[in-house]
$ cat run07.txt   # compact mmCIF, C-alpha atoms and all ligand atoms
# COMPACT_ATOMS: atom_id res chain seq x y z
CA MET A 1106 -92.58 -36.04 26.71
CA ASN A 1107 -91.88 -38.84 29.19
CA ILE A 1108 -88.25 -39.83 28.87
CA GLU A 1109 -88.58 -42.91 31.06
CA THR A 1110 -91.45 -44.26 28.92
CA ASN A 1111 -89.59 -43.47 25.69
CA LEU A 1112 -86.47 -45.24 26.94
CA SER A 1113 -88.38 -48.37 27.78
CA LEU A 1114 -90.15 -48.32 24.39
CA VAL A 1115 -86.83 -47.97 22.56
CA GLY A 1116 -85.37 -50.74 24.75
CA GLU A 1117 -88.28 -53.04 23.85
CA GLN A 1118 -87.90 -52.19 20.18
CA ILE A 1119 -84.20 -53.07 20.28
CA ALA A 1120 -84.92 -56.36 22.10
CA GLN A 1121 -87.59 -57.24 19.53
CA LEU A 1122 -85.22 -56.49 16.62
CA GLU A 1123 -82.47 -58.60 18.26
CA ARG A 1124 -84.90 -61.55 18.29
CA GLN A 1125 -86.12 -60.88 14.76
CA TYR A 1126 -82.61 -60.86 13.30
CA GLN A 1127 -81.16 -63.68 15.45
CA ARG A 1128 -78.90 -61.35 17.35
CA ASN A 1129 -77.95 -62.23 20.94
CA ALA A 1130 -80.12 -60.61 23.61
CA GLY A 1131 -78.34 -57.51 24.90
CA SER A 1132 -75.82 -57.42 22.02
CA VAL A 1133 -77.04 -54.01 20.83
CA ARG A 1134 -76.28 -51.18 23.25
CA LEU A 1135 -78.22 -47.94 23.33
CA LEU A 1136 -76.40 -44.61 23.12
CA ALA A 1137 -78.81 -41.83 24.10
CA VAL A 1138 -78.05 -38.80 21.93
CA SER A 1139 -78.73 -35.81 24.16
CA LYS A 1140 -77.44 -33.00 21.93
CA THR A 1141 -79.38 -29.73 22.36
CA LYS A 1142 -81.31 -31.25 25.29
CA PRO A 1143 -81.06 -29.78 28.81
CA LEU A 1144 -79.26 -31.27 31.81
CA GLU A 1145 -82.60 -32.26 33.38
CA ALA A 1146 -83.36 -34.49 30.39
CA ILE A 1147 -80.05 -36.30 30.87
CA ARG A 1148 -80.70 -36.65 34.60
CA ALA A 1149 -84.15 -38.10 33.90
CA ALA A 1150 -82.69 -40.67 31.48
CA TYR A 1151 -79.95 -41.54 33.97
CA GLN A 1152 -82.56 -42.03 36.72
CA ALA A 1153 -84.32 -44.44 34.37
CA GLY A 1154 -81.11 -46.48 34.09
CA GLN A 1155 -79.51 -45.07 30.93
CA ARG A 1156 -75.70 -44.73 31.19
CA LEU A 1157 -74.35 -44.03 27.66
CA PHE A 1158 -74.85 -40.50 26.34
CA GLY A 1159 -73.79 -39.02 23.01
CA GLU A 1160 -73.10 -35.37 22.19
CA ASN A 1161 -71.89 -33.80 18.99
CA TYR A 1162 -71.03 -30.19 19.75
CA VAL A 1163 -67.75 -29.80 21.64
CA GLN A 1164 -68.69 -26.86 23.84
CA GLU A 1165 -72.01 -28.41 24.84
CA ALA A 1166 -70.44 -31.81 25.51
CA VAL A 1167 -67.79 -30.33 27.78
CA GLU A 1168 -70.27 -28.18 29.71
CA LYS A 1169 -72.62 -31.11 30.28
CA HIS A 1170 -69.74 -33.35 31.30
CA SER A 1171 -68.63 -30.94 34.02
CA ALA A 1172 -72.18 -30.21 35.23
CA LEU A 1173 -73.00 -33.90 35.69
CA THR A 1174 -69.94 -35.33 37.45
CA ASP A 1175 -72.22 -36.54 40.26
CA LEU A 1176 -73.78 -39.17 37.95
CA VAL A 1177 -71.67 -42.21 38.80
CA GLY A 1178 -70.91 -44.52 35.90
CA ILE A 1179 -72.17 -42.16 33.19
CA GLU A 1180 -70.29 -42.65 29.90
CA TRP A 1181 -69.73 -39.74 27.48
CA HIS A 1182 -69.49 -40.47 23.76
CA PHE A 1183 -68.48 -37.75 21.32
CA ILE A 1184 -70.21 -38.30 17.96
CA GLY A 1185 -69.67 -34.99 16.13
CA PRO A 1186 -67.02 -33.54 13.84
CA ILE A 1187 -63.75 -32.51 15.52
CA GLN A 1188 -61.67 -29.47 14.64
CA SER A 1189 -58.06 -29.74 15.70
CA ASN A 1190 -58.23 -26.74 18.06
CA LYS A 1191 -60.99 -28.58 20.00
CA SER A 1192 -59.25 -31.92 20.36
CA ARG A 1193 -57.68 -31.21 23.76
CA VAL A 1194 -60.94 -30.73 25.68
CA ILE A 1195 -62.35 -33.85 24.08
CA ALA A 1196 -59.27 -35.85 25.10
CA GLN A 1197 -59.63 -34.50 28.65
CA THR A 1198 -63.33 -35.27 29.15
CA MET A 1199 -64.80 -37.92 26.85
CA ASP A 1200 -64.84 -41.71 27.33
CA TRP A 1201 -65.38 -42.45 23.63
CA VAL A 1202 -64.99 -40.70 20.27
CA HIS A 1203 -66.92 -42.22 17.33
CA THR A 1204 -65.77 -39.82 14.63
CA ILE A 1205 -62.09 -40.50 13.93
CA ASP A 1206 -61.55 -39.79 10.24
CA ARG A 1207 -58.30 -37.83 10.10
CA GLU A 1208 -54.80 -38.88 11.03
CA LYS A 1209 -54.05 -35.47 12.56
CA ILE A 1210 -57.02 -35.67 14.94
CA ALA A 1211 -56.19 -39.23 15.96
CA ARG A 1212 -52.60 -38.23 16.78
CA ARG A 1213 -53.66 -35.15 18.74
CA LEU A 1214 -56.25 -37.04 20.78
CA SER A 1215 -53.65 -39.63 21.76
CA GLU A 1216 -51.03 -36.99 22.65
CA GLN A 1217 -53.54 -34.92 24.61
CA ARG A 1218 -55.15 -37.78 26.56
CA PRO A 1219 -54.15 -37.23 30.21
CA ASP A 1220 -51.88 -39.98 31.61
CA ASP A 1221 -54.13 -40.61 34.59
CA MET A 1222 -57.15 -41.42 32.43
CA PRO A 1223 -57.88 -44.77 30.74
CA LYS A 1224 -57.20 -44.96 27.00
CA LEU A 1225 -59.74 -43.08 24.90
CA ASN A 1226 -62.08 -45.56 23.18
CA VAL A 1227 -62.44 -44.71 19.51
CA CYS A 1228 -64.32 -45.76 16.40
CA ILE A 1229 -63.18 -44.93 12.90
CA GLN A 1230 -65.88 -43.14 10.93
CA VAL A 1231 -66.44 -44.61 7.47
CA ASN A 1232 -68.15 -42.80 4.62
CA ILE A 1233 -70.52 -45.31 3.03
CA SER A 1234 -72.59 -42.76 1.12
CA GLY A 1235 -69.98 -41.48 -1.34
CA GLU A 1236 -70.17 -37.83 -2.32
CA GLU A 1237 -73.32 -37.21 -0.32
CA SER A 1238 -71.23 -37.11 2.86
CA LYS A 1239 -68.21 -35.03 3.78
CA SER A 1240 -67.23 -36.99 6.91
CA GLY A 1241 -65.61 -40.38 7.18
CA ILE A 1242 -62.86 -42.21 5.34
CA SER A 1243 -63.41 -44.57 2.42
CA LEU A 1244 -63.41 -48.33 3.01
CA GLU A 1245 -60.30 -48.47 0.79
CA SER A 1246 -58.32 -46.35 3.22
CA LEU A 1247 -59.56 -48.22 6.29
CA PRO A 1248 -56.57 -50.59 6.71
CA GLU A 1249 -54.15 -47.63 6.82
CA MET A 1250 -56.26 -45.79 9.43
CA VAL A 1251 -56.63 -48.96 11.50
CA SER A 1252 -52.83 -49.40 11.69
CA LEU A 1253 -52.36 -45.77 12.59
CA VAL A 1254 -54.93 -45.82 15.41
CA LYS A 1255 -53.56 -49.10 16.75
CA SER A 1256 -50.08 -47.55 16.90
CA LEU A 1257 -51.20 -44.63 19.08
CA PRO A 1258 -50.57 -45.36 22.77
CA ASN A 1259 -53.53 -43.54 24.34
CA LEU A 1260 -56.26 -44.64 21.94
CA GLN A 1261 -58.11 -47.95 22.08
CA LEU A 1262 -59.68 -48.91 18.77
CA ARG A 1263 -63.17 -50.32 19.44
CA GLY A 1264 -64.71 -50.41 15.97
CA LEU A 1265 -66.38 -48.55 13.13
CA MET A 1266 -69.07 -45.91 12.86
CA ALA A 1267 -71.13 -44.53 9.98
CA ILE A 1268 -73.84 -41.96 9.32
CA PRO A 1269 -75.36 -42.98 5.98
CA ALA A 1270 -77.38 -40.62 3.82
CA PRO A 1271 -81.11 -41.28 4.36
CA GLN A 1272 -82.66 -43.96 2.11
CA GLU A 1273 -86.38 -44.35 1.49
CA ASP A 1274 -86.70 -48.03 2.40
CA GLU A 1275 -85.14 -50.69 4.58
CA ALA A 1276 -83.78 -52.81 1.73
CA LYS A 1277 -81.77 -49.81 0.48
CA GLN A 1278 -80.59 -48.99 4.00
CA MET A 1279 -79.35 -52.56 4.39
CA ALA A 1280 -77.63 -52.52 0.99
CA VAL A 1281 -75.69 -49.40 2.03
CA TYR A 1282 -74.65 -51.05 5.31
CA ARG A 1283 -73.54 -54.36 3.77
CA PRO A 1284 -69.90 -53.49 2.82
CA LEU A 1285 -69.43 -51.80 6.19
CA SER A 1286 -70.68 -54.83 8.18
CA GLN A 1287 -68.35 -57.02 6.14
CA ALA A 1288 -65.36 -54.79 6.91
CA TYR A 1289 -66.33 -54.69 10.59
CA LEU A 1290 -66.58 -58.49 10.87
CA GLU A 1291 -63.13 -58.90 9.30
CA LEU A 1292 -61.64 -56.36 11.65
CA ALA A 1293 -63.30 -57.84 14.75
CA SER A 1294 -62.17 -61.37 13.87
CA SER A 1295 -58.53 -60.27 14.14
CA ASP A 1296 -58.76 -58.21 17.34
CA SER A 1297 -60.73 -59.10 20.46
CA MET A 1298 -60.87 -55.45 21.60
CA ILE A 1299 -62.93 -54.56 18.54
CA ASP A 1300 -66.56 -55.02 19.56
CA THR A 1301 -68.43 -51.96 18.29
CA LEU A 1302 -70.29 -51.25 15.09
CA SER A 1303 -71.89 -47.87 15.72
CA ILE A 1304 -74.76 -47.65 13.24
CA GLY A 1305 -78.49 -46.99 13.53
CA MET A 1306 -80.45 -43.87 14.46
CA SER A 1307 -84.16 -43.29 15.19
CA GLY A 1308 -85.00 -43.66 11.47
CA ASP A 1309 -83.13 -46.86 10.58
CA LEU A 1310 -82.87 -49.00 13.73
CA SER A 1311 -84.22 -52.08 12.03
CA ALA A 1312 -81.81 -52.04 9.06
CA ALA A 1313 -78.89 -51.29 11.38
CA ILE A 1314 -79.65 -54.14 13.80
CA ALA A 1315 -80.20 -56.52 10.87
CA SER A 1316 -76.77 -55.37 9.60
CA GLY A 1317 -74.93 -56.20 12.81
CA SER A 1318 -75.03 -52.93 14.74
CA THR A 1319 -73.75 -53.25 18.32
CA MET A 1320 -74.50 -49.66 19.30
CA VAL A 1321 -77.44 -47.61 18.08
CA ARG A 1322 -77.41 -43.82 18.53
CA VAL A 1323 -80.90 -42.61 19.31
CA GLY A 1324 -81.94 -39.03 20.02
CA THR A 1325 -85.42 -38.09 18.86
CA ALA A 1326 -87.16 -41.31 19.95
CA ILE A 1327 -85.93 -40.75 23.53
CA PHE A 1328 -85.83 -36.99 24.01
CA GLY A 1329 -88.29 -35.76 21.38
CA ALA A 1330 -87.69 -33.55 18.36
CA ARG A 1331 -84.89 -30.99 18.49
CA ASP A 1332 -85.48 -27.28 17.87
CA TYR A 1333 -82.33 -27.17 15.77
CA ILE A 1334 -79.96 -29.79 14.35
C1 LIG B 1 -78.21 -36.50 16.17
C2 LIG B 1 -77.47 -37.73 15.89
C3 LIG B 1 -78.03 -38.99 16.14
C4 LIG B 1 -79.43 -39.19 16.66
O1 LIG B 1 -80.36 -38.89 15.68
P1 LIG B 1 -81.92 -39.12 15.90
O2 LIG B 1 -82.47 -39.10 14.52
O3 LIG B 1 -82.41 -37.98 16.73
O4 LIG B 1 -82.11 -40.41 16.58
C5 LIG B 1 -77.24 -40.10 15.90
N1 LIG B 1 -75.97 -40.00 15.44
C6 LIG B 1 -75.41 -38.80 15.19
C7 LIG B 1 -74.00 -38.75 14.70
C8 LIG B 1 -76.14 -37.64 15.41
O5 LIG B 1 -75.54 -36.46 15.16

$ encode --input "run07.txt" --output "structure tokens"
Amino acid sequence: MNIETNLSLVGEQIAQLERQYQRNAGSVRLLAVSKTKPLEAIRAAYQAGQRLFGENYVQEAVEKHSALTDLVGIEWHFIGPIQSNKSRVIAQTMDWVHTIDREKIARRLSEQRPDDMPKLNVCIQVNISGEESKSGISLESLPEMVSLVKSLPNLQLRGLMAIPAPQEDEAKQMAVYRPLSQAYLELASSDSMIDTLSIGMSGDLSAAIASGSTMVRVGTAIFGARDYI
């Protein structure tokens, strides 16, 4: 498993998809999802130039954050579910949270963000797969959540995120993303700080980039298969 090689292959794949779907070069950023992977794997990716890392278990994210403070410019993105008793450590350590889907969590993260840190960048998680998914708010309740997040002083709304249920082919993947991309474009047109549509994983990069993704979250294609999910 050569992380440097994998990173450059994923980078080339993203660049090729940007061309294919008339997206600007460099408009899709790569979040390396390092959950369950050891510190050495993160160091290897960092050495190869990767700066954005995603974790989705609180304890693991916080431990990795404190073990890797020597990596200048590293950016930590939390992409997992958040229980309210875990919000404080996330507010104290993370640069981004992609999984805002409850008012209570949004309020706590803002209250608990230390004053000497920049605002916490957040994405609102949208459920675009109906009953198949437990996380994320409906598109109907998006306007209300957007106003709430914008009213909280220590959060900076950056965009939307989704984890769709797997679909067998690309046309179906794109159909599921369509209403989300539409909602994102409307939101971004009214607020210049909104620049992130966090969609696309190892299995649906193409559909996500065709649908306007600006940040793909890739684990397996960089770090190899995980022993557990
Ligand atoms: C694990 C995970 C990913 C990465 O998935 P891969 O299939 O390994 O690329 C992306 N997003 C979220 C929210 C995840 O939990």

$ axis_aligned_box --input "run07.txt" --around "segment 1192-1206 of chain A" --padding-each-side "6 Å" --output "JSON"
{"center_x": -62.3, "center_y": -36.6, "center_z": 19.7, "size_x": 21.2, "size_y": 23.7, "size_z": 30.9}

$ residues_near_ligand --input "run07.txt" --ligand "ligand LIG 1 (chain B)" --cutoff "6 Å" --atoms "only C-alpha atoms and all ligand atoms" --output "ChimeraX atom specification"
/A:1138,1161,1184-1185,1306-1307,1322-1325

$ residues_around --input "run07.txt" --residues "Ile1195 of chain A" --least-positions-apart "2" --cutoff "9 Å" --atoms "only C-alpha atoms" --output "VMD selection string"
chain A and resid 1163 1166 to 1167 1183 1187 1191 to 1193 1197 to 1200 1202 1214 1217 to 1218

$ atom_distance --input "run07.txt" --atom1 "atom CA of Ile1205 of chain A" --atom2 "atom CA of Leu1260 of chain A"
10.7 Å

$ closest_residue --input "run07.txt" --among "A:Trp1181, A:Leu1176, A:Pro1248, A:Ala1146" --to "Phe1158 of chain A" --atoms "only C-alpha atoms"
A:Trp1181

$ atom_distance --input "run07.txt" --atom1 "atom CA of Gly1308 of chain A" --atom2 "atom CA of Gln1152 of chain A"
25.4 Å

$ residues_around --input "run07.txt" --residues "Ser1234 of chain A" --least-positions-apart "4" --cutoff "9 Å" --atoms "only C-alpha atoms" --output "list in words"
Ser1238, Ile1268, Pro1269, Ala1270 and Val1281 of chain A

$ atom_distance --input "run07.txt" --atom1 "atom CA of Leu1225 of chain A" --atom2 "atom CA of Trp1201 of chain A"
5.8 Å

$ closest_residue --input "run07.txt" --among "A:Glu1117, A:Leu1122, A:Ala1150, A:Ser1243" --to "Ile1327 of chain A" --atoms "only C-alpha atoms"
A:Ala1150

$ decode --input "run07.txt" --residues "segment 1208-1254 of chain A" --atoms "N, CA and C atoms" --output "mmCIF file, in the first residue's frame"
data_model
loop_
_atom_site.group_PDB
_atom_site.id
_atom_site.type_symbol
_atom_site.label_atom_id
_atom_site.label_comp_id
_atom_site.auth_asym_id
_atom_site.auth_seq_id
_atom_site.Cartn_x
_atom_site.Cartn_y
_atom_site.Cartn_z
ATOM 1 N N GLU A 1208 -30.139 21.303 15.819
ATOM 2 C CA GLU A 1208 -30.012 22.638 16.381
ATOM 3 C C GLU A 1208 -29.180 22.621 17.675
ATOM 4 N N LYS A 1209 -29.454 21.630 18.523
ATOM 5 C CA LYS A 1209 -28.768 21.559 19.814
ATOM 6 C C LYS A 1209 -27.254 21.451 19.641
ATOM 7 N N ILE A 1210 -26.825 20.622 18.693
ATOM 8 C CA ILE A 1210 -25.388 20.438 18.461
ATOM 9 C C ILE A 1210 -24.782 21.725 17.895
ATOM 10 N N ALA A 1211 -25.474 22.365 16.980
ATOM 11 C CA ALA A 1211 -24.963 23.615 16.407
ATOM 12 C C ALA A 1211 -24.764 24.651 17.519
ATOM 13 N N ARG A 1212 -25.760 24.787 18.385
ATOM 14 C CA ARG A 1212 -25.658 25.770 19.479
ATOM 15 C C ARG A 1212 -24.505 25.453 20.423
ATOM 16 N N ARG A 1213 -24.376 24.167 20.770
ATOM 17 C CA ARG A 1213 -23.296 23.784 21.697
ATOM 18 C C ARG A 1213 -21.930 24.040 21.080
ATOM 19 N N LEU A 1214 -21.755 23.674 19.813
ATOM 20 C CA LEU A 1214 -20.451 23.873 19.166
ATOM 21 C C LEU A 1214 -20.081 25.358 19.161
ATOM 22 N N SER A 1215 -21.047 26.209 18.906
ATOM 23 C CA SER A 1215 -20.756 27.647 18.905
ATOM 24 C C SER A 1215 -20.398 28.138 20.314
ATOM 25 N N GLU A 1216 -21.192 27.709 21.310
ATOM 26 C CA GLU A 1216 -20.912 28.133 22.693
ATOM 27 C C GLU A 1216 -19.572 27.623 23.177
ATOM 28 N N GLN A 1217 -19.203 26.410 22.736
ATOM 29 C CA GLN A 1217 -17.996 25.766 23.273
ATOM 30 C C GLN A 1217 -16.730 26.069 22.470
ATOM 31 N N ARG A 1218 -16.863 26.761 21.350
ATOM 32 C CA ARG A 1218 -15.688 27.116 20.554
ATOM 33 C C ARG A 1218 -14.849 28.117 21.341
ATOM 34 N N PRO A 1219 -13.576 27.807 21.605
ATOM 35 C CA PRO A 1219 -12.761 28.742 22.388
ATOM 36 C C PRO A 1219 -12.611 30.099 21.677
ATOM 37 N N ASP A 1220 -12.596 31.188 22.469
ATOM 38 C CA ASP A 1220 -12.546 32.531 21.903
ATOM 39 C C ASP A 1220 -11.277 32.807 21.112
ATOM 40 N N ASP A 1221 -10.197 32.119 21.468
ATOM 41 C CA ASP A 1221 -8.938 32.395 20.772
ATOM 42 C C ASP A 1221 -8.760 31.557 19.507
ATOM 43 N N MET A 1222 -9.785 30.815 19.123
ATOM 44 C CA MET A 1222 -9.696 30.049 17.877
ATOM 45 C C MET A 1222 -10.566 30.722 16.812
ATOM 46 N N PRO A 1223 -10.203 30.528 15.518
ATOM 47 C CA PRO A 1223 -11.083 31.050 14.466
ATOM 48 C C PRO A 1223 -12.450 30.380 14.545
ATOM 49 N N LYS A 1224 -13.455 30.980 13.891
ATOM 50 C CA LYS A 1224 -14.772 30.342 13.859
ATOM 51 C C LYS A 1224 -14.638 28.911 13.341
ATOM 52 N N LEU A 1225 -15.514 28.044 13.834
ATOM 53 C CA LEU A 1225 -15.543 26.658 13.361
ATOM 54 C C LEU A 1225 -16.288 26.627 12.019
ATOM 55 N N ASN A 1226 -15.618 26.110 10.983
ATOM 56 C CA ASN A 1226 -16.253 25.983 9.671
ATOM 57 C C ASN A 1226 -17.228 24.814 9.703
ATOM 58 N N VAL A 1227 -18.444 25.030 9.231
ATOM 59 C CA VAL A 1227 -19.405 23.923 9.283
ATOM 60 C C VAL A 1227 -20.175 23.764 7.976
ATOM 61 N N CYS A 1228 -20.562 22.510 7.735
ATOM 62 C CA CYS A 1228 -21.503 22.191 6.662
ATOM 63 C C CYS A 1228 -22.735 21.582 7.307
ATOM 64 N N ILE A 1229 -23.884 21.861 6.728
ATOM 65 C CA ILE A 1229 -25.124 21.242 7.182
ATOM 66 C C ILE A 1229 -25.294 19.930 6.426
ATOM 67 N N GLN A 1230 -25.536 18.856 7.186
ATOM 68 C CA GLN A 1230 -25.716 17.557 6.544
ATOM 69 C C GLN A 1230 -27.164 17.379 6.125
ATOM 70 N N VAL A 1231 -27.361 17.037 4.849
ATOM 71 C CA VAL A 1231 -28.701 16.877 4.290
ATOM 72 C C VAL A 1231 -28.938 15.398 3.985
ATOM 73 N N ASN A 1232 -30.117 14.940 4.347
ATOM 74 C CA ASN A 1232 -30.505 13.556 4.049
ATOM 75 C C ASN A 1232 -31.187 13.538 2.685
ATOM 76 N N ILE A 1233 -30.484 12.974 1.685
ATOM 77 C CA ILE A 1233 -31.082 12.933 0.343
ATOM 78 C C ILE A 1233 -31.518 11.515 -0.019
ATOM 79 N N SER A 1234 -31.464 10.606 0.965
ATOM 80 C CA SER A 1234 -31.846 9.216 0.678
ATOM 81 C C SER A 1234 -33.089 8.776 1.434
ATOM 82 N N GLY A 1235 -33.854 9.706 1.967
ATOM 83 C CA GLY A 1235 -35.102 9.376 2.649
ATOM 84 C C GLY A 1235 -34.899 8.448 3.830
ATOM 85 N N GLU A 1236 -35.746 7.461 3.963
ATOM 86 C CA GLU A 1236 -35.748 6.619 5.156
ATOM 87 C C GLU A 1236 -34.536 5.712 5.277
ATOM 88 N N GLU A 1237 -33.779 5.597 4.169
ATOM 89 C CA GLU A 1237 -32.600 4.733 4.242
ATOM 90 C C GLU A 1237 -31.511 5.321 5.141
ATOM 91 N N SER A 1238 -31.618 6.607 5.466
ATOM 92 C CA SER A 1238 -30.567 7.233 6.260
ATOM 93 C C SER A 1238 -31.139 7.887 7.509
ATOM 94 N N LYS A 1239 -30.427 7.764 8.609
ATOM 95 C CA LYS A 1239 -30.879 8.358 9.865
ATOM 96 C C LYS A 1239 -30.313 9.768 10.052
ATOM 97 N N SER A 1240 -29.180 10.066 9.400
ATOM 98 C CA SER A 1240 -28.530 11.354 9.619
ATOM 99 C C SER A 1240 -28.914 12.369 8.559
ATOM 100 N N GLY A 1241 -28.854 13.632 8.956
ATOM 101 C CA GLY A 1241 -29.113 14.700 8.000
ATOM 102 C C GLY A 1241 -30.531 15.227 8.093
ATOM 103 N N ILE A 1242 -30.678 16.508 7.767
ATOM 104 C CA ILE A 1242 -32.003 17.123 7.771
ATOM 105 C C ILE A 1242 -32.609 17.023 6.373
ATOM 106 N N SER A 1243 -33.901 17.237 6.269
ATOM 107 C CA SER A 1243 -34.543 17.208 4.952
ATOM 108 C C SER A 1243 -34.252 18.527 4.240
ATOM 109 N N LEU A 1244 -34.364 18.525 2.919
ATOM 110 C CA LEU A 1244 -34.176 19.772 2.161
ATOM 111 C C LEU A 1244 -35.223 20.805 2.559
ATOM 112 N N GLU A 1245 -36.419 20.326 2.956
ATOM 113 C CA GLU A 1245 -37.487 21.251 3.363
ATOM 114 C C GLU A 1245 -37.085 22.047 4.602
ATOM 115 N N SER A 1246 -36.345 21.407 5.507
ATOM 116 C CA SER A 1246 -36.005 22.144 6.731
ATOM 117 C C SER A 1246 -34.654 22.871 6.621
ATOM 118 N N LEU A 1247 -34.072 22.855 5.422
ATOM 119 C CA LEU A 1247 -32.781 23.526 5.249
ATOM 120 C C LEU A 1247 -32.801 25.038 5.538
ATOM 121 N N PRO A 1248 -33.784 25.794 5.012
ATOM 122 C CA PRO A 1248 -33.751 27.242 5.251
ATOM 123 C C PRO A 1248 -33.706 27.603 6.748
ATOM 124 N N GLU A 1249 -34.483 26.848 7.551
ATOM 125 C CA GLU A 1249 -34.511 27.107 8.994
ATOM 126 C C GLU A 1249 -33.135 26.846 9.628
ATOM 127 N N MET A 1250 -32.498 25.732 9.232
ATOM 128 C CA MET A 1250 -31.180 25.391 9.785
ATOM 129 C C MET A 1250 -30.124 26.391 9.324
ATOM 130 N N VAL A 1251 -30.233 26.847 8.077
ATOM 131 C CA VAL A 1251 -29.289 27.849 7.566
ATOM 132 C C VAL A 1251 -29.381 29.125 8.412
ATOM 133 N N SER A 1252 -30.591 29.603 8.688
ATOM 134 C CA SER A 1252 -30.707 30.830 9.498
ATOM 135 C C SER A 1252 -30.164 30.616 10.883
ATOM 136 N N LEU A 1253 -30.434 29.452 11.464
ATOM 137 C CA LEU A 1253 -29.917 29.200 12.806
ATOM 138 C C LEU A 1253 -28.382 29.251 12.809
ATOM 139 N N VAL A 1254 -27.763 28.500 11.901
ATOM 140 C CA VAL A 1254 -26.292 28.420 11.893
ATOM 141 C C VAL A 1254 -25.692 29.803 11.643
#
